[in-house]
Each structure stands twice: as structure tokens, then as C-alpha cells.
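Student: The following file, start.cif, comprises mmCIF, C-alpha atoms:
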```cif
data_data
#
loop_
_atom_site.label_atom_id
_atom_site.label_comp_id
_atom_site.auth_asym_id
_atom_site.auth_seq_id
_atom_site.Cartn_x
_atom_site.Cartn_y
_atom_site.Cartn_z
CA MET A 1 343.47 111.15 106.23
CA ARG A 2 340.47 112.72 107.84
CA HIS A 3 341.48 116.10 106.43
CA MET A 4 340.92 114.76 102.92
CA ARG A 5 337.22 115.28 103.40
CA TYR A 6 337.82 118.99 103.55
CA LEU A 7 340.64 119.17 101.04
CA VAL A 8 338.70 117.64 98.15
CA PRO A 9 335.85 120.21 98.10
CA LEU A 10 338.40 122.96 98.65
CA GLY A 11 340.38 121.69 95.68
CA ILE A 12 337.25 121.61 93.51
CA LEU A 13 336.40 125.13 94.64
CA LEU A 14 339.87 126.36 93.70
CA VAL A 15 339.57 124.81 90.23
CA LEU A 16 336.15 126.44 89.77
CA LEU A 17 337.52 129.79 90.96
CA TYR A 18 340.37 129.49 88.48
CA PHE A 19 337.92 128.98 85.61
CA LEU A 20 335.70 131.82 86.81
CA ARG A 21 338.72 134.09 86.98
CA ALA A 22 339.82 133.04 83.49
CA GLY A 23 336.28 133.57 82.21
CA LEU A 24 336.15 137.09 83.60
CA SER A 25 339.37 138.11 81.91
CA LEU A 26 338.18 136.97 78.48
CA ASN A 27 336.36 139.40 76.25
CA PRO A 28 333.35 137.65 74.71
CA ARG A 29 333.05 140.45 72.15
CA GLU A 30 336.34 139.43 70.61
CA VAL A 31 335.60 136.54 68.34
CA PRO A 32 338.80 135.01 66.97
CA SER A 33 338.74 135.47 63.23
CA PRO A 34 339.14 132.35 61.11
CA LEU A 35 340.48 134.62 58.36
CA ILE A 36 343.90 135.19 59.89
CA GLY A 37 346.53 133.44 57.79
CA LYS A 38 344.07 133.16 54.91
CA PRO A 39 343.97 135.19 51.71
CA ALA A 40 341.92 138.35 52.03
CA PRO A 41 338.59 138.09 50.23
CA ALA A 42 338.48 139.48 46.71
CA PHE A 43 336.78 142.83 46.33
CA SER A 44 336.39 145.63 43.85
CA LEU A 45 334.91 148.81 45.25
CA ALA A 46 334.49 152.41 44.20
CA ARG A 47 336.59 155.04 45.90
CA LEU A 48 334.60 157.09 48.34
CA ASP A 49 335.93 160.38 46.97
CA GLN A 50 335.97 159.34 43.29
CA PRO A 51 333.09 156.95 42.65
CA ALA A 52 334.24 156.37 39.08
CA VAL A 53 337.54 154.86 40.24
CA ARG A 54 337.47 151.31 41.51
CA ILE A 55 340.09 149.64 43.66
CA ALA A 56 340.39 145.85 43.66
CA LYS A 57 342.35 143.51 45.85
CA GLU A 58 344.77 142.77 42.98
CA ASP A 59 345.68 146.48 42.75
CA LEU A 60 347.22 146.24 46.22
CA ARG A 61 349.17 143.05 45.63
CA GLY A 62 352.87 143.29 46.35
CA LYS A 63 352.61 145.77 49.20
CA VAL A 64 351.83 145.45 52.86
CA TRP A 65 348.78 147.52 53.75
CA ILE A 66 346.37 148.23 56.53
CA LEU A 67 342.62 148.07 56.11
CA ASN A 68 340.60 150.07 58.62
CA VAL A 69 336.84 149.56 58.65
CA TRP A 70 335.01 152.75 59.60
CA ALA A 71 331.74 154.61 59.27
CA SER A 72 330.51 158.09 60.03
CA TRP A 73 327.76 156.63 62.24
CA CYS A 74 330.29 154.69 64.31
CA VAL A 75 330.94 156.27 67.68
CA ALA A 76 334.02 154.21 68.48
CA CYS A 77 335.54 155.27 65.14
CA ARG A 78 335.51 158.86 66.34
CA GLN A 79 337.38 157.71 69.39
CA GLU A 80 340.18 156.00 67.47
CA HIS A 81 340.31 158.57 64.67
CA PRO A 82 342.86 161.07 66.08
CA LEU A 83 345.23 158.18 66.76
CA LEU A 84 344.83 156.91 63.21
CA VAL A 85 345.39 160.39 61.75
CA ALA A 86 348.59 160.74 63.77
CA TYR A 87 349.70 157.24 62.88
CA SER A 88 349.12 157.78 59.17
CA LYS A 89 351.71 160.60 59.19
CA GLN A 90 354.50 158.24 60.23
CA ALA A 91 353.20 154.88 59.00
CA GLN A 92 355.46 152.94 56.64
CA VAL A 93 352.46 151.39 54.90
CA PRO A 94 349.35 152.71 53.17
CA ILE A 95 346.17 152.71 55.22
CA TYR A 96 343.04 152.01 53.24
CA GLY A 97 339.63 152.69 54.71
CA LEU A 98 336.57 150.54 54.22
CA ASN A 99 333.66 152.93 54.59
CA TYR A 100 331.18 150.39 55.88
CA LYS A 101 327.43 150.81 55.32
CA ASP A 102 327.64 154.56 55.15
CA GLU A 103 326.19 157.40 53.15
CA PRO A 104 329.03 158.62 50.90
CA ALA A 105 328.19 162.26 51.64
CA ALA A 106 328.23 161.63 55.40
CA GLY A 107 331.50 159.71 55.10
CA LEU A 108 333.18 162.48 53.08
CA LYS A 109 332.00 165.13 55.51
CA TRP A 110 333.33 163.07 58.41
CA LEU A 111 336.76 162.91 56.78
CA ALA A 112 336.69 166.63 56.02
CA ASP A 113 335.75 167.39 59.64
CA PHE A 114 338.08 165.07 61.50
CA GLY A 115 340.98 164.50 59.10
CA ASN A 116 341.69 161.86 56.51
CA PRO A 117 344.30 159.26 57.44
CA TYR A 118 343.50 157.06 54.47
CA THR A 119 345.38 156.60 51.22
CA ALA A 120 341.90 155.94 49.88
CA SER A 121 338.57 154.88 51.31
CA LEU A 122 336.50 152.20 49.61
CA ALA A 123 332.74 152.57 49.68
CA ASP A 124 331.04 149.40 50.90
CA ARG A 125 327.52 150.75 50.97
CA ASP A 126 325.60 147.51 51.42
CA GLY A 127 328.20 145.89 53.66
CA ARG A 128 328.88 142.87 51.47
CA VAL A 129 332.65 143.25 51.46
CA GLY A 130 332.35 143.74 55.22
CA ILE A 131 330.66 140.35 55.51
CA ASP A 132 333.42 138.79 53.39
CA PHE A 133 335.95 140.23 55.83
CA GLY A 134 333.94 138.87 58.77
CA VAL A 135 333.26 142.37 60.06
CA TYR A 136 330.78 142.46 62.91
CA GLY A 137 331.73 145.55 64.84
CA VAL A 138 333.27 148.73 63.53
CA PRO A 139 335.98 149.82 63.82
CA GLU A 140 338.07 146.86 62.80
CA THR A 141 341.62 146.90 61.50
CA PHE A 142 343.36 144.33 59.32
CA VAL A 143 347.00 143.99 58.35
CA ILE A 144 347.39 142.41 54.90
CA ASP A 145 350.74 141.29 53.52
CA GLY A 146 352.20 141.53 50.03
CA LYS A 147 350.72 138.19 49.02
CA GLY A 148 347.27 139.39 49.97
CA VAL A 149 347.10 137.27 53.15
CA ILE A 150 345.41 138.64 56.29
CA ARG A 151 348.05 138.62 59.02
CA TYR A 152 346.30 140.39 61.85
CA LYS A 153 342.89 141.63 62.84
CA HIS A 154 342.02 144.05 65.61
CA ILE A 155 338.43 144.49 66.72
CA GLY A 156 337.34 147.76 68.23
CA PRO A 157 339.17 151.08 68.43
CA LEU A 158 342.94 150.99 67.98
CA THR A 159 345.04 151.97 70.96
CA PRO A 160 348.61 153.30 71.07
CA GLU A 161 349.57 150.02 72.76
CA VAL A 162 348.18 147.87 69.93
CA LEU A 163 349.99 149.98 67.34
CA ARG A 164 353.28 149.94 69.24
CA ASP A 165 353.28 146.39 70.57
CA THR A 166 351.54 144.42 67.84
CA ILE A 167 351.09 146.24 64.55
CA ASP A 168 354.48 147.98 64.29
CA PRO A 169 356.49 144.81 65.07
CA LEU A 170 354.35 142.88 62.59
CA LEU A 171 354.93 145.48 59.86
CA LYS A 172 358.65 145.44 60.57
CA GLN A 173 358.67 141.66 60.31
CA LEU A 174 356.70 141.73 57.04
CA HIS A 175 359.07 144.27 55.54
CA GLY A 176 362.22 142.67 56.86
CA MET B 1 301.56 168.28 96.94
CA ALA B 2 302.49 170.03 93.75
CA ASP B 3 305.80 168.23 93.82
CA THR B 4 304.30 164.77 93.94
CA ARG B 5 301.83 165.58 91.22
CA PHE B 6 304.64 166.81 89.06
CA ALA B 7 306.63 163.67 89.74
CA GLY B 8 303.59 161.56 88.92
CA SER B 9 303.02 163.20 85.58
CA GLY B 10 306.71 162.92 84.74
CA TRP B 11 306.56 159.21 85.47
CA ARG B 12 303.45 158.85 83.33
CA ALA B 13 305.12 160.70 80.48
CA LEU B 14 308.10 158.41 80.76
CA VAL B 15 305.96 155.27 80.57
CA LEU B 16 303.97 156.71 77.68
CA SER B 17 307.06 157.65 75.72
CA ALA B 18 308.55 154.21 76.37
CA LEU B 19 305.38 152.55 75.07
CA LEU B 20 305.41 154.86 72.08
CA ALA B 21 309.05 154.01 71.39
CA CYS B 22 308.21 150.30 71.50
CA ALA B 23 305.29 150.78 69.13
CA VAL B 24 307.39 152.80 66.70
CA GLY B 25 310.13 150.20 66.98
CA ALA B 26 307.70 147.41 66.17
CA VAL B 27 306.36 149.27 63.14
CA LEU B 28 309.85 150.02 61.88
CA ALA B 29 310.92 146.43 62.49
CA ASN B 30 308.02 145.20 60.40
CA GLU B 31 308.97 147.51 57.61
CA ALA B 32 312.65 146.74 57.84
CA ALA B 33 312.29 143.00 57.43
CA PRO B 34 312.42 142.37 53.71
CA ALA B 35 310.64 139.12 53.05
CA SER B 36 310.64 137.45 49.71
CA ALA B 37 307.34 136.49 48.18
CA ASP B 38 308.03 132.78 48.46
CA PRO B 39 306.89 131.49 51.88
CA VAL B 40 308.72 128.17 51.50
CA LEU B 41 312.00 129.94 50.88
CA GLU B 42 311.30 132.34 53.75
CA ALA B 43 310.70 129.40 56.09
CA ARG B 44 314.05 127.89 55.08
CA VAL B 45 315.76 131.26 55.58
CA MET B 46 314.30 131.59 59.08
CA LYS B 47 315.13 127.98 59.98
CA LEU B 48 318.73 128.38 58.89
CA SER B 49 318.98 131.83 60.47
CA SER B 50 317.91 130.42 63.81
CA GLU B 51 321.04 128.25 63.74
CA LEU B 52 323.32 131.26 63.32
CA ARG B 53 324.48 133.56 66.06
CA CYS B 54 324.16 137.29 65.70
CA LEU B 55 327.66 138.57 66.40
CA VAL B 56 326.51 142.00 67.52
CA CYS B 57 324.02 140.78 70.12
CA GLN B 58 325.55 137.44 70.88
CA ASN B 59 322.70 135.80 72.74
CA GLN B 60 320.35 136.16 69.81
CA THR B 61 320.20 134.25 66.57
CA ILE B 62 320.23 136.23 63.36
CA ALA B 63 316.60 135.15 62.97
CA ASP B 64 315.63 136.98 66.19
CA SER B 65 317.86 139.99 65.95
CA HIS B 66 317.05 143.34 64.41
CA ALA B 67 320.69 144.42 64.43
CA ASP B 68 321.86 145.75 61.09
CA LEU B 69 324.35 142.96 60.61
CA ALA B 70 321.72 140.30 61.35
CA VAL B 71 319.45 141.81 58.70
CA ASP B 72 322.36 141.74 56.23
CA LEU B 73 323.24 138.16 57.10
CA ARG B 74 319.61 137.07 56.66
CA ARG B 75 319.68 138.71 53.25
CA GLN B 76 322.87 136.80 52.50
CA VAL B 77 321.24 133.50 53.57
CA ARG B 78 318.17 134.29 51.46
CA GLU B 79 320.21 135.08 48.38
CA MET B 80 322.34 131.97 48.69
CA LEU B 81 319.30 129.72 49.08
CA GLN B 82 317.59 131.52 46.21
CA ALA B 83 320.63 130.81 44.07
CA GLY B 84 320.11 127.14 44.77
CA GLN B 85 322.95 126.67 47.26
CA SER B 86 322.56 124.03 49.94
CA GLU B 87 322.15 124.75 53.63
CA GLN B 88 325.60 123.27 54.23
CA GLN B 89 327.07 125.73 51.74
CA VAL B 90 325.48 128.61 53.64
CA ILE B 91 326.85 127.29 56.95
CA ASP B 92 330.30 126.90 55.38
CA PHE B 93 330.11 130.45 54.05
CA MET B 94 329.34 131.80 57.52
CA THR B 95 331.94 129.75 59.40
CA ALA B 96 334.63 130.68 56.85
CA ARG B 97 334.05 134.33 57.78
CA TYR B 98 332.99 134.29 61.40
CA GLY B 99 334.31 130.96 62.69
CA ASP B 100 332.51 128.20 64.57
CA PHE B 101 331.33 130.84 67.02
CA VAL B 102 328.61 131.80 64.56
CA LEU B 103 327.01 128.38 64.97
CA TYR B 104 324.57 128.00 67.84
CA ARG B 105 325.36 124.28 67.81
CA PRO B 106 329.14 124.14 67.72
CA PRO B 107 330.65 121.15 65.89
CA PHE B 108 332.21 118.32 67.87
CA LYS B 109 335.97 118.76 67.60
CA PRO B 110 338.91 118.17 69.96
CA LEU B 111 338.67 121.84 70.93
CA THR B 112 334.98 121.62 71.81
CA ALA B 113 335.02 118.09 73.26
CA LEU B 114 334.93 119.31 76.87
CA LEU B 115 331.98 121.55 76.02
CA TRP B 116 329.96 118.61 74.72
CA VAL B 117 331.12 115.87 77.09
CA GLY B 118 331.55 118.06 80.19
CA PRO B 119 327.95 118.04 81.50
CA VAL B 120 327.59 114.25 81.01
CA LEU B 121 330.97 113.76 82.67
CA MET B 122 329.88 115.83 85.67
CA VAL B 123 326.63 113.89 86.09
CA VAL B 124 328.50 110.56 85.87
CA VAL B 125 331.11 111.67 88.41
CA GLY B 126 328.39 113.03 90.73
CA LEU B 127 326.25 109.90 90.57
CA GLY B 128 329.36 107.73 91.03
CA THR B 129 330.38 109.67 94.12
CA LEU B 130 326.86 109.47 95.53
CA PHE B 131 326.77 105.72 94.90
CA VAL B 132 330.13 105.09 96.62
CA VAL B 133 329.23 107.25 99.62
CA LEU B 134 325.83 105.59 100.08
CA ARG B 135 327.33 102.09 99.76
CA ARG B 136 329.97 102.89 102.33
CA ARG B 137 327.36 104.25 104.72
CA SER B 138 325.04 101.27 104.31
CA ARG B 139 327.88 99.02 105.48
CA LEU B 140 328.43 101.01 108.68
CA THR B 141 326.91 99.75 111.93
CA ASP B 142 324.31 101.83 113.76
CA ALA B 143 326.98 102.78 116.29
CA ALA B 144 328.74 104.89 113.67
CA PHE B 145 325.84 107.34 113.54
CA GLU B 146 324.90 109.90 116.13
CA VAL B 147 321.30 109.93 117.15
CA ASP B 148 319.49 112.88 115.62
CA GLY B 149 318.88 115.56 118.20
CA ALA B 150 320.81 113.58 120.79
CA ASP B 151 320.61 116.47 123.24
CA ASP B 152 316.85 116.54 123.49
CA ALA B 153 316.38 112.79 123.10
CA PRO B 154 314.61 112.33 126.47
CA ASN B 155 311.83 114.64 125.30
CA ASP B 156 311.34 112.80 122.03
CA PRO B 157 308.34 110.45 122.33
CA HIS B 158 309.70 108.18 119.57
CA LEU B 159 312.95 107.52 121.37
CA SER B 160 311.79 107.26 124.95
#
```
Show me, as C-alpha cells, the structure contained in the file I just sent.

Tutor:
Amino acid sequence: MRHMRYLVPLGILLVLLYFLRAGLSLNPREVPSPLIGKPAPAFSLARLDQPAVRIAKEDLRGKVWILNVWASWCVACRQEHPLLVAYSKQAQVPIYGLNYKDEPAAGLKWLADFGNPYTASLADRDGRVGIDFGVYGVPETFVIDGKGVIRYKHIGPLTPEVLRDTIDPLLKQLHG
Amino acid sequence: MADTRFAGSGWRALVLSALLACAVGAVLANEAAPASADPVLEARVMKLSSELRCLVCQNQTIADSHADLAVDLRRQVREMLQAGQSEQQVIDFMTARYGDFVLYRPPFKPLTALLWVGPVLMVVVGLGTLFVVLRRRSRLTDAAFEVDGADDAPNDPHLS
């Protein structure tokens, strides 16, 4: 009974340590998006390479597609880019780019320099479509299903693990 | 000697360039903040913005932050208020896109209950424990306590 005096503070300490440990393993930069499971916001944007051509959300209805938010000023986009270029060669779905708050000329040069994995890039010069998609850190990647619903969002550079373990199985499920 | 003088001037240059950078930053920041002509509207924008978290620099509100996204979100707030939308509509717009996390005062929901009640709960438990311990002690006889500094008691004028 006398040992209880020591066991209680020890127990409290262990609980606190558990929460501290859990807190350390969370990434505060990753804000869960409320948009997952909801229809993607409507948009109609000019193509980066052909400003006269606009692409709207309705144009992509009926197919599963990936939206990758990028910019030529974005350092982490450079980091994920080779992976995306490689992935685009074997992807079963179109990858659309959202060129976020970028100079069109700088964006086009970036694609010419480092490769273009995108079916098309949409120019979101003032970042309004980005806000509608809840973008707060580029790069971000969305998977959108045939009904136009956002099924997945990845924040930060893609990794081979994310593509293999999360995005590919999701695409398979959406197609199957 | 020459070495220290060199180091000193390098240090001075560093401080000077840092000050210069701050000054330039301040000037740019002033230019970058687009304010509408209407001071009443601007006050509402700033008030509402100070309730919203900047997602890039998470410990700042979008009213404080000079991050690009914060500037864009302030513009969004301004335009919505200008269009006659209510403050609640602006808040709903932001939470629909960025979740409750964007609110500096999170709403009271089952998920956030511990966040709101937790501190009060801890104070109540702490005070309760203190109360019980003190009551138990006040019932003990003097014999249950050791005399403070029992070893040197003979030297203590108050005890002798």
C-alpha cells in the first residue's frame, strides 16, 4: 500500500511521456484536409502552354486523374520532379499540373529544363484555385475520381513509398 | 592584431547588412500590403484575419503574416466582406478549405472537448488532491511528523 505513493506519480509520468512521444511523431505541417471525400472545387483555367485553351473541372469528369500543384519557384517541387516524370511514363491516369502563382514563362522554361510529366498544366496565376483546393504548401498532390470527388491529398514532395503504397492501390481500387 | 580587426569589421558588416535587410523588408512589406481605401472595411478585414491561422507560418495569424498565402487570404477576406458577405460566411469559406485548424479559436466539438475542458479539469483534480492531502494531514497527531532538522535540534534555540 505504501508503494502506491510512488506508483501514482510514476503512472502519471508514463502517461505524459506517451503523449509527448505521440506529439513528437506527428507532423504539425500536415493539416488534414477537410476536402477529402468532397467534390473538387469548380475551376476553369487557361492551359499554361496554350493560354487560349481553357480546361474546366467538367472536362475531366468521368476519368480518374491526379492533380499536382507545382511552381517554378518551389524548391521542393524540383526535388519531387524526377519521380513525377518517371511516374508519368507508367501511370494509368492523366496527371494534370496546377501551376500555382507562377510566371507562365518561368513555368514553361522549368518544364522545358526538367521534363514535363503533365498531360496539361493549368495556370493559376493569382492562386485562387489553389485557395479553393486548400493549398498551403507546394507541392501538393490530389487524386480525383471519375465523379469529381477528391479521394486523396498528399502534402509536400511525393516519395516512391507514397506512390507505391497509397496512390497506386487507390488508383487500382478506383479503376476496379 | 590584423586578424582581430578583420574579424571586427566582418562582424560590423554582418550587423549592418542585417539591419539593411530588415529595413528593406519593412519597406517592401509596406508596399506589399494592399489596403482598400475604406478604413472601416480594413478594420473588419484585420479583425477577422486575426482569427485565422496562417498555414505557412502556423504560429501567426493571417493578419500578422507576410507569407504569400496570408496576403492572398487577406485579399480573399477583403473581397468577401466587400461583396457584403457576413463574417460567418468568411469563416465557413476558410474552414471548408483548410479545416478547423485555420481557426485560432477552435470550435467546441467532441473532438476538441479535451482541448477546452482539459486545463480546467487539471486544475480541479490538482486542487482536489491538495485539499484531500491537507485534510488528511490536519487530522494526524504531532507524533506523525518528524521534527524539522531533528539532527541538530539541540543547537536550535527555539527547540531547546

Student: From the set B:Thr141, B:Val124, B:Leu103, B:Val56, which residue has the shortest atom-to-atom contact distance to Gln88 in chain B, counting all atoms listed in the file?

Tutor: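 Among B:Thr141, B:Val124, B:Leu103, B:Val56, it is B:Leu103 that comes nearest to Gln88 in chain B.
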
Student: What does the distance from CA of Gly134 in chain A to CA of Gly146 in chain A come to in Å, to one decimal?

Tutor: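 The value is 20.4 Å.
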
Student: How close does each residue of range 28-132 of chain B get to range 21-43 of chain A, giving the shortest atom pair and distance in Å to one decimal for every residue with an atom at most 10 Å away, counting only C-alpha atoms, sorted by chain and residue number, as JSON lines?

Tutor:
```
{"residue": "B:Leu55", "atom": "CA", "partner": "A:Arg29", "partner_atom": "CA", "distance": 8.1}
{"residue": "B:Val56", "atom": "CA", "partner": "A:Arg29", "partner_atom": "CA", "distance": 8.2}
{"residue": "B:Cys57", "atom": "CA", "partner": "A:Arg29", "partner_atom": "CA", "distance": 9.3}
{"residue": "B:Gln58", "atom": "CA", "partner": "A:Arg29", "partner_atom": "CA", "distance": 8.2}
{"residue": "B:Thr95", "atom": "CA", "partner": "A:Pro34", "partner_atom": "CA", "distance": 7.8}
{"residue": "B:Ala96", "atom": "CA", "partner": "A:Pro34", "partner_atom": "CA", "distance": 6.4}
{"residue": "B:Arg97", "atom": "CA", "partner": "A:Pro34", "partner_atom": "CA", "distance": 6.4}
{"residue": "B:Tyr98", "atom": "CA", "partner": "A:Ser33", "partner_atom": "CA", "distance": 6.1}
{"residue": "B:Gly99", "atom": "CA", "partner": "A:Pro34", "partner_atom": "CA", "distance": 5.3}
{"residue": "B:Asp100", "atom": "CA", "partner": "A:Pro34", "partner_atom": "CA", "distance": 8.6}
{"residue": "B:Phe101", "atom": "CA", "partner": "A:Val31", "partner_atom": "CA", "distance": 7.2}
{"residue": "B:Val102", "atom": "CA", "partner": "A:Val31", "partner_atom": "CA", "distance": 9.3}
```

Student: Compile the contact shell of Val129 in chain A as number ranges by chain: residues with an atom at most 9 Å away, counting all atoms listed in the file, same-chain residues fewer than 2 positions apart removed.

Tutor: A: 41-45, 98, 100, 124, 126-127, 131-135

Student: Range 105-114 of chain A: which residues within 8 Å, counting all atoms listed in the file, same-chain residues fewer than 5 positions away excluded, as an MDAnalysis selection string?

Tutor: chainID A and resid 48:49 71:72 81:82 99

Student: What is the distance, in Å and to one decimal place, between CA of Arg78 in chain B and CA of Ala123 in chain A?

Tutor: 23.4 Å

Student: To test your reading of the syntax: which residues would the PyMOL selection byres ((chain B and resi 47) around 12) return for the file shown? Reply as a ChimeraX atom specification.

Tutor: /B:40-46,48-52,61-64,74,77-78,81,87

Student: Determine the nearest neighbour of chain A from the options B:Met94, B:Val123, B:Leu114, B:Gln60, counting all atoms listed in the file.

Tutor: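 Smallest distance to chain A is found for B:Met94.
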
Student: What do you get, as JSON, numbers by chain, if you spell out every residue that the PyMOL selection byres ((chain A and resi 94) around 6) selects here?

Tutor: {"A": [65, 93, 95, 119]}

Student: Taking only C-alpha atoms into account, which of A:Thr159, A:Gly130, A:Gln173, A:Ile66 comes nearest chain B?

Tutor: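 Looking only at the distances to chain B, the closest residue turns out to be A:Gly130.
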
Student: One number please: CA of Pro104 in chain A to CA of His66 in chain B, in Å, one decimal.

Tutor: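 Taking CA of Pro104 in chain A as the start and CA of His66 in chain B as the end point, the length is 23.7 Å.
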
Student: Find the residue from B:Ala144, B:Ala37, B:Leu127, B:Val133 that sits nearest to chain A; use only C-alpha atoms when measuring.

Tutor: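 Looking at the shortest contact to chain A, the residue is B:Val133.
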
Student: Please determine an axis-aligned box that encloses all atoms of range 162-175 of chain A listed in the file, with 3 Å added on each side, and express its centre and edge lengths in Å to one decimal as JSON.

Tutor:
```
{"center_x": 353.6, "center_y": 145.8, "center_z": 63.1, "size_x": 16.9, "size_y": 14.3, "size_z": 21.0}
```

Student: Can you tell me which residues surround Ala86 in chain A at a distance of at most 12 Å, considering all atoms listed in the file, apart from same-chain residues fewer than 2 positions away, and format the answer as a ChimeraX atom specification?

Tutor: /A:80-84,88-91,95,114-118,159-160,163

Student: Save out the residues we just selected, C-alpha atoms, as a CSV table (one decimal), in the coordinates of the input.

Tutor:
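Output (out-v4.csv):
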```
chain,number,residue,atom,x,y,z
A,80,GLU,CA,340.2,156.0,67.5
A,81,HIS,CA,340.3,158.6,64.7
A,82,PRO,CA,342.9,161.1,66.1
A,83,LEU,CA,345.2,158.2,66.8
A,84,LEU,CA,344.8,156.9,63.2
A,88,SER,CA,349.1,157.8,59.2
A,89,LYS,CA,351.7,160.6,59.2
A,90,GLN,CA,354.5,158.2,60.2
A,91,ALA,CA,353.2,154.9,59.0
A,95,ILE,CA,346.2,152.7,55.2
A,114,PHE,CA,338.1,165.1,61.5
A,115,GLY,CA,341.0,164.5,59.1
A,116,ASN,CA,341.7,161.9,56.5
A,117,PRO,CA,344.3,159.3,57.4
A,118,TYR,CA,343.5,157.1,54.5
A,159,THR,CA,345.0,152.0,71.0
A,160,PRO,CA,348.6,153.3,71.1
A,163,LEU,CA,350.0,150.0,67.3
```

Student: Name the residues that the PyMOL selection byres ((chain A and resi 174) around 10) picks from the file above, as a ChimeraX atom specification, using the file's chain letters and numbers.

Tutor: /A:63-64,144-146,151,168-173,175-176

Student: Of the candidates A:Arg128, A:Cys74, A:His3, A:Asn68, which shows the shortest atom-to-atom distance to Arg75 in chain B, using all atoms listed in the file?

Tutor: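 Selected residue with least distance to Arg75 in chain B: A:Arg128.
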
Student: Restricting the calculation to only C-alpha atoms: of A:Pro51, A:Gly97, A:Pro9, A:Gly137, which residue gets closest to chain B?

Tutor: A:Gly137
